[in-house]
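Have a look at entry08.txt below; it lists compact mmCIF, C-alpha atoms.
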```txt
# COMPACT_ATOMS: atom_id res chain seq x y z
CA MET D 1 144.06 57.54 127.91
CA LEU D 2 140.92 59.02 129.34
CA ILE D 3 138.48 57.82 126.65
CA THR D 4 138.19 54.16 125.92
CA PRO D 5 138.10 52.98 122.30
CA ALA D 6 134.55 51.65 122.76
CA TYR D 7 133.13 55.14 123.39
CA ALA D 8 134.95 56.58 120.39
CA GLN D 9 133.54 53.93 118.06
CA ALA D 10 129.97 54.40 119.26
CA ALA D 11 130.05 58.16 118.62
CA ALA D 12 131.28 57.80 115.04
CA GLY D 13 128.26 55.83 113.82
CA GLY D 14 125.72 58.12 112.04
CA ASP D 15 122.18 57.17 111.07
CA THR D 16 120.14 58.90 108.34
CA ASN D 17 116.98 58.37 110.36
CA SER D 18 118.40 60.29 113.31
CA MET D 19 119.45 63.14 110.98
CA LEU D 20 115.91 63.33 109.58
CA MET D 21 114.48 63.43 113.08
CA SER D 22 116.83 66.27 114.02
CA LEU D 23 115.67 68.37 111.02
CA LEU D 24 111.97 67.71 111.62
CA PRO D 25 111.56 70.37 114.37
CA PHE D 26 112.99 73.06 112.06
CA ALA D 27 110.50 72.11 109.35
CA LEU D 28 107.64 72.22 111.85
CA ILE D 29 108.74 75.66 113.08
CA PHE D 30 108.77 76.95 109.50
CA VAL D 31 105.25 75.61 108.82
CA ILE D 32 103.91 77.10 112.05
CA MET D 33 105.53 80.48 111.28
CA TYR D 34 104.01 80.46 107.79
CA PHE D 35 100.46 79.91 109.05
CA LEU D 36 100.68 82.15 112.12
CA ILE D 37 102.80 85.06 110.84
CA LEU D 38 103.46 85.19 107.09
CA ARG D 39 100.05 84.26 105.71
CA PRO D 40 98.01 86.71 107.84
CA GLN D 41 100.51 89.48 107.04
CA GLN D 42 100.15 88.83 103.30
CA LYS D 43 96.35 88.98 103.66
CA LYS D 44 96.58 92.26 105.58
CA VAL D 45 98.80 93.82 102.88
CA LYS D 46 96.39 92.67 100.16
CA ASP D 47 93.39 94.13 102.02
CA HIS D 48 95.21 97.46 102.53
CA SER D 49 96.12 97.73 98.85
CA GLU D 50 92.46 97.09 97.92
CA LEU D 51 91.34 99.74 100.41
CA VAL D 52 93.78 102.29 99.01
CA LYS D 53 92.87 101.50 95.43
CA ASN D 54 89.14 102.00 96.08
CA ILE D 55 89.39 105.45 97.71
CA ARG D 56 87.16 107.94 95.93
CA ARG D 57 85.95 111.48 96.33
CA GLY D 58 83.62 111.92 99.30
CA ASP D 59 85.18 109.21 101.52
CA THR D 60 86.24 110.07 105.05
CA VAL D 61 89.78 108.75 105.55
CA VAL D 62 92.25 108.39 108.41
CA THR D 63 95.98 108.78 107.73
CA THR D 64 98.77 106.93 109.48
CA GLY D 65 99.60 110.21 111.22
CA GLY D 66 96.11 110.40 112.69
CA LEU D 67 94.56 113.10 110.50
CA VAL D 68 90.90 112.61 109.63
CA GLY D 69 89.46 114.29 106.58
CA LYS D 70 87.13 114.08 103.63
CA VAL D 71 88.57 113.32 100.19
CA THR D 72 88.00 116.25 97.86
CA LYS D 73 90.10 115.22 94.90
CA VAL D 74 91.88 112.12 93.62
CA VAL D 75 95.03 113.63 92.13
CA ASP D 76 96.48 110.50 90.51
CA ASP D 77 97.26 106.87 91.30
CA ASP D 78 99.68 107.90 94.06
CA GLN D 79 98.12 110.98 95.69
CA ILE D 80 94.80 112.20 97.03
CA GLU D 81 93.74 115.58 98.34
CA PHE D 82 91.52 115.77 101.39
CA GLU D 83 90.04 118.49 103.54
CA ILE D 84 90.81 118.36 107.26
CA SER D 85 89.01 121.61 108.12
CA ASP D 86 87.06 124.30 106.29
CA GLY D 87 89.36 125.56 103.56
CA VAL D 88 92.37 123.47 104.70
CA ARG D 89 93.29 120.90 102.08
CA VAL D 90 96.19 118.49 102.31
CA ARG D 91 97.79 116.23 99.72
CA GLN D 92 98.65 112.77 100.93
CA MET D 93 100.22 109.67 99.41
CA ARG D 94 97.62 106.94 99.05
CA GLN D 95 99.80 104.36 100.79
CA MET D 96 99.79 106.51 103.94
CA ILE D 97 96.03 106.06 104.39
CA SER D 98 95.37 103.66 107.24
CA GLY D 99 91.63 103.38 106.94
CA VAL D 100 88.36 104.62 105.51
CA ARG D 101 85.87 105.62 108.20
CA ALA D 102 82.87 106.32 106.00
CA LYS D 103 82.26 105.59 102.37
CA GLY D 104 80.65 108.71 100.99
CA GLU D 105 78.70 109.33 97.88
CA PRO D 106 80.90 110.78 95.18
CA ALA D 107 80.58 114.54 95.43
CA LYS D 108 79.01 116.43 92.59
CA ALA D 109 80.86 119.23 90.81
CA ASP D 110 82.10 121.91 93.20
CA VAL D 111 79.56 124.68 93.73
CA THR D 112 80.96 128.05 94.72
CA LYS D 113 79.36 129.93 97.60
CA ASP D 114 78.06 132.68 95.27
CA GLU D 115 76.01 130.18 93.27
CA SER D 116 74.42 128.45 96.25
CA PRO D 117 70.63 128.80 96.38
CA ALA D 118 69.24 131.31 98.89
CA SER D 119 66.97 129.97 101.64
```

How does the structure come out when it is put into structure tokens?
Amino acid sequence: MLITPAYAQAAAGGDTNSMLMSLLPFALIFVIMYFLILRPQQKKVKDHSELVKNIRRGDTVVTTGGLVGKVTKVVDDDQIEFEISDGVRVRQMRQMISGVRAKGEPAKADVTKDESPAS
């Protein structure tokens, strides 16, 4: 035989303390991942949902596609309408807003060009 009986007997003995020590690095990795990855991501998602919920008329927003415009109308809980150029209005899902550049004062009722005061 190539293996002596003494080596075979030593390998068979298991200790609960050694098993606990072998699982300890996995537990430490999980704790480190929670504090470095999961917790900041949850905070970022919470902050984004607050940002999206507080969008109002008059705010200047940036979409995930890179469009910048001024909110002209809050359609419902899921959509907003914003103006990216004079007379060009776009509807966008609220969740696709990546940021608010400037918080504007809520716009008054729309005034048509015919009713504007003459200078």

At a cut-off of 7 Å, using only C-alpha atoms, what residues contact region 82-96 of chain D? Leave out same-chain residues fewer than 3 positions from it and give the result as a PDB file with C-alpha atoms, in the coordinates of the input.
```
ATOM      1  CA  VAL D  52      93.780 102.290  99.010  1.00  0.00           C
ATOM      2  CA  THR D  63      95.980 108.780 107.730  1.00  0.00           C
ATOM      3  CA  THR D  64      98.770 106.930 109.480  1.00  0.00           C
ATOM      4  CA  VAL D  68      90.900 112.610 109.630  1.00  0.00           C
ATOM      5  CA  GLY D  69      89.460 114.290 106.580  1.00  0.00           C
ATOM      6  CA  LYS D  70      87.130 114.080 103.630  1.00  0.00           C
ATOM      7  CA  VAL D  71      88.570 113.320 100.190  1.00  0.00           C
ATOM      8  CA  THR D  72      88.000 116.250  97.860  1.00  0.00           C
ATOM      9  CA  LYS D  73      90.100 115.220  94.900  1.00  0.00           C
ATOM     10  CA  ASP D  78      99.680 107.900  94.060  1.00  0.00           C
ATOM     11  CA  GLN D  79      98.120 110.980  95.690  1.00  0.00           C
TER      12      GLN D  79
END
```

Q: Calculate how many Å separate CA of Phe35 (chain D) from CA of Leu23 (chain D), rounding to one decimal.
A: 19.2 Å

Q: Could you check how far CA of Thr60 (chain D) sits from CA of Lys43 (chain D), in Å to one decimal?
A: 23.4 Å

Q: Go through D:Met33, D:Gln41, D:Asp47, D:Ile55 one by one, measure the shortest atom-to-atom distance of each to Arg101 (chain D) using all atoms listed in the file, and give the residue with the smallest value.
A: D:Ile55

Q | Counting all atoms listed in the file, the option among D:Gly99, D:Ser49, D:Glu81, D:Leu38 closest to Gly66 (chain D) | A | D:Gly99

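Taking CA of Gly104 (chain D) and CA of Asp59 (chain D) as the two end points, the separation is 4.6 Å.
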
Would you place a box with edges along x, y and z of the file around all atoms of region 95-103 of chain D listed there, add 3 Å to each of its six sides, and report the centre and edge lengths in Å to one decimal, as lines of an AutoDock Vina configuration file?
```
center_x = 91.0
center_y = 104.9
center_z = 104.5
size_x = 23.5
size_y = 9.1
size_z = 13.4
```

Q: Return the single residue from D:Leu67, D:Val74, D:Gly58, D:Lys46 that is closest to Glu105 (chain D), with distances computed using all atoms listed in the file.
A: D:Gly58

Please fill the gaps in region 32-66 of chain D so it has N, CA and C atoms, and write that as a PDB file, in the coordinates of the input.
```pdb
ATOM      1  N   ILE D  32     104.682  76.348 111.055  1.00  0.00           N
ATOM      2  CA  ILE D  32     103.910  77.100 112.050  1.00  0.00           C
ATOM      3  C   ILE D  32     104.075  78.604 111.819  1.00  0.00           C
ATOM      4  N   MET D  33     105.299  79.056 111.536  1.00  0.00           N
ATOM      5  CA  MET D  33     105.530  80.480 111.280  1.00  0.00           C
ATOM      6  C   MET D  33     104.780  80.938 110.033  1.00  0.00           C
ATOM      7  N   TYR D  34     104.713  80.092 109.018  1.00  0.00           N
ATOM      8  CA  TYR D  34     104.010  80.460 107.790  1.00  0.00           C
ATOM      9  C   TYR D  34     102.533  80.713 108.083  1.00  0.00           C
ATOM     10  N   PHE D  35     101.892  79.788 108.813  1.00  0.00           N
ATOM     11  CA  PHE D  35     100.460  79.910 109.050  1.00  0.00           C
ATOM     12  C   PHE D  35     100.112  80.939 110.116  1.00  0.00           C
ATOM     13  N   LEU D  36     100.991  81.207 111.058  1.00  0.00           N
ATOM     14  CA  LEU D  36     100.680  82.150 112.120  1.00  0.00           C
ATOM     15  C   LEU D  36     101.169  83.572 111.853  1.00  0.00           C
ATOM     16  N   ILE D  37     102.217  83.737 111.038  1.00  0.00           N
ATOM     17  CA  ILE D  37     102.800  85.060 110.840  1.00  0.00           C
ATOM     18  C   ILE D  37     102.752  85.505 109.377  1.00  0.00           C
ATOM     19  N   LEU D  38     103.316  84.744 108.480  1.00  0.00           N
ATOM     20  CA  LEU D  38     103.460  85.190 107.090  1.00  0.00           C
ATOM     21  C   LEU D  38     102.125  85.276 106.348  1.00  0.00           C
ATOM     22  N   ARG D  39     101.304  84.265 106.451  1.00  0.00           N
ATOM     23  CA  ARG D  39     100.050  84.260 105.710  1.00  0.00           C
ATOM     24  C   ARG D  39      99.090  85.361 106.148  1.00  0.00           C
ATOM     25  N   PRO D  40      98.872  85.580 107.454  1.00  0.00           N
ATOM     26  CA  PRO D  40      98.010  86.710 107.840  1.00  0.00           C
ATOM     27  C   PRO D  40      98.574  88.055 107.425  1.00  0.00           C
ATOM     28  N   GLN D  41      99.903  88.208 107.453  1.00  0.00           N
ATOM     29  CA  GLN D  41     100.510  89.480 107.040  1.00  0.00           C
ATOM     30  C   GLN D  41     100.281  89.719 105.551  1.00  0.00           C
ATOM     31  N   GLN D  42     100.396  88.682 104.734  1.00  0.00           N
ATOM     32  CA  GLN D  42     100.150  88.830 103.300  1.00  0.00           C
ATOM     33  C   GLN D  42      98.688  89.217 103.045  1.00  0.00           C
ATOM     34  N   LYS D  43      97.765  88.639 103.803  1.00  0.00           N
ATOM     35  CA  LYS D  43      96.350  88.980 103.660  1.00  0.00           C
ATOM     36  C   LYS D  43      96.101  90.426 104.057  1.00  0.00           C
ATOM     37  N   LYS D  44      96.748  90.878 105.119  1.00  0.00           N
ATOM     38  CA  LYS D  44      96.580  92.260 105.580  1.00  0.00           C
ATOM     39  C   LYS D  44      97.102  93.247 104.533  1.00  0.00           C
ATOM     40  N   VAL D  45      98.240  92.953 103.922  1.00  0.00           N
ATOM     41  CA  VAL D  45      98.800  93.820 102.880  1.00  0.00           C
ATOM     42  C   VAL D  45      97.869  93.857 101.669  1.00  0.00           C
ATOM     43  N   LYS D  46      97.308  92.721 101.301  1.00  0.00           N
ATOM     44  CA  LYS D  46      96.390  92.670 100.160  1.00  0.00           C
ATOM     45  C   LYS D  46      95.135  93.490 100.445  1.00  0.00           C
ATOM     46  N   ASP D  47      94.586  93.362 101.656  1.00  0.00           N
ATOM     47  CA  ASP D  47      93.390  94.130 102.020  1.00  0.00           C
ATOM     48  C   ASP D  47      93.674  95.632 102.021  1.00  0.00           C
ATOM     49  N   HIS D  48      94.856  96.041 102.508  1.00  0.00           N
ATOM     50  CA  HIS D  48      95.210  97.460 102.530  1.00  0.00           C
ATOM     51  C   HIS D  48      95.353  98.014 101.117  1.00  0.00           C
ATOM     52  N   SER D  49      95.964  97.244 100.225  1.00  0.00           N
ATOM     53  CA  SER D  49      96.120  97.730  98.850  1.00  0.00           C
ATOM     54  C   SER D  49      94.755  97.861  98.165  1.00  0.00           C
ATOM     55  N   GLU D  50      93.814  96.962  98.463  1.00  0.00           N
ATOM     56  CA  GLU D  50      92.460  97.090  97.920  1.00  0.00           C
ATOM     57  C   GLU D  50      91.767  98.328  98.475  1.00  0.00           C
ATOM     58  N   LEU D  51      91.937  98.575  99.773  1.00  0.00           N
ATOM     59  CA  LEU D  51      91.340  99.740 100.410  1.00  0.00           C
ATOM     60  C   LEU D  51      91.854 101.026  99.784  1.00  0.00           C
ATOM     61  N   VAL D  52      93.148 101.100  99.582  1.00  0.00           N
ATOM     62  CA  VAL D  52      93.780 102.290  99.010  1.00  0.00           C
ATOM     63  C   VAL D  52      93.353 102.491  97.559  1.00  0.00           C
ATOM     64  N   LYS D  53      93.238 101.397  96.837  1.00  0.00           N
ATOM     65  CA  LYS D  53      92.870 101.500  95.430  1.00  0.00           C
ATOM     66  C   LYS D  53      91.429 101.970  95.250  1.00  0.00           C
ATOM     67  N   ASN D  54      90.556 101.671  96.212  1.00  0.00           N
ATOM     68  CA  ASN D  54      89.140 102.000  96.080  1.00  0.00           C
ATOM     69  C   ASN D  54      88.749 103.319  96.742  1.00  0.00           C
ATOM     70  N   ILE D  55      89.711 104.137  97.139  1.00  0.00           N
ATOM     71  CA  ILE D  55      89.390 105.450  97.710  1.00  0.00           C
ATOM     72  C   ILE D  55      88.843 106.343  96.606  1.00  0.00           C
ATOM     73  N   ARG D  56      87.743 107.027  96.916  1.00  0.00           N
ATOM     74  CA  ARG D  56      87.160 107.940  95.930  1.00  0.00           C
ATOM     75  C   ARG D  56      86.726 109.225  96.627  1.00  0.00           C
ATOM     76  N   ARG D  57      86.354 110.176  95.824  1.00  0.00           N
ATOM     77  CA  ARG D  57      85.950 111.480  96.330  1.00  0.00           C
ATOM     78  C   ARG D  57      84.713 111.340  97.213  1.00  0.00           C
ATOM     79  N   GLY D  58      84.742 111.985  98.375  1.00  0.00           N
ATOM     80  CA  GLY D  58      83.620 111.920  99.300  1.00  0.00           C
ATOM     81  C   GLY D  58      83.856 110.985 100.473  1.00  0.00           C
ATOM     82  N   ASP D  59      84.879 110.133 100.412  1.00  0.00           N
ATOM     83  CA  ASP D  59      85.180 109.210 101.520  1.00  0.00           C
ATOM     84  C   ASP D  59      85.832 109.965 102.666  1.00  0.00           C
ATOM     85  N   THR D  60      85.557 109.536 103.880  1.00  0.00           N
ATOM     86  CA  THR D  60      86.240 110.070 105.050  1.00  0.00           C
ATOM     87  C   THR D  60      87.366 109.103 105.379  1.00  0.00           C
ATOM     88  N   VAL D  61      88.611 109.610 105.379  1.00  0.00           N
ATOM     89  CA  VAL D  61      89.780 108.750 105.550  1.00  0.00           C
ATOM     90  C   VAL D  61      90.560 109.136 106.802  1.00  0.00           C
ATOM     91  N   VAL D  62      91.351 108.178 107.284  1.00  0.00           N
ATOM     92  CA  VAL D  62      92.250 108.390 108.410  1.00  0.00           C
ATOM     93  C   VAL D  62      93.657 108.080 107.909  1.00  0.00           C
ATOM     94  N   THR D  63      94.598 109.009 108.147  1.00  0.00           N
ATOM     95  CA  THR D  63      95.980 108.780 107.730  1.00  0.00           C
ATOM     96  C   THR D  63      96.746 108.058 108.824  1.00  0.00           C
ATOM     97  N   THR D  64      97.939 107.597 108.482  1.00  0.00           N
ATOM     98  CA  THR D  64      98.770 106.930 109.480  1.00  0.00           C
ATOM     99  C   THR D  64      99.236 107.908 110.545  1.00  0.00           C
ATOM    100  N   GLY D  65      99.231 109.192 110.244  1.00  0.00           N
ATOM    101  CA  GLY D  65      99.600 110.210 111.220  1.00  0.00           C
ATOM    102  C   GLY D  65      98.449 110.607 112.128  1.00  0.00           C
ATOM    103  N   GLY D  66      97.241 110.123 111.835  1.00  0.00           N
ATOM    104  CA  GLY D  66      96.110 110.400 112.690  1.00  0.00           C
ATOM    105  C   GLY D  66      95.179 111.492 112.197  1.00  0.00           C
TER     106      GLY D  66
END
```
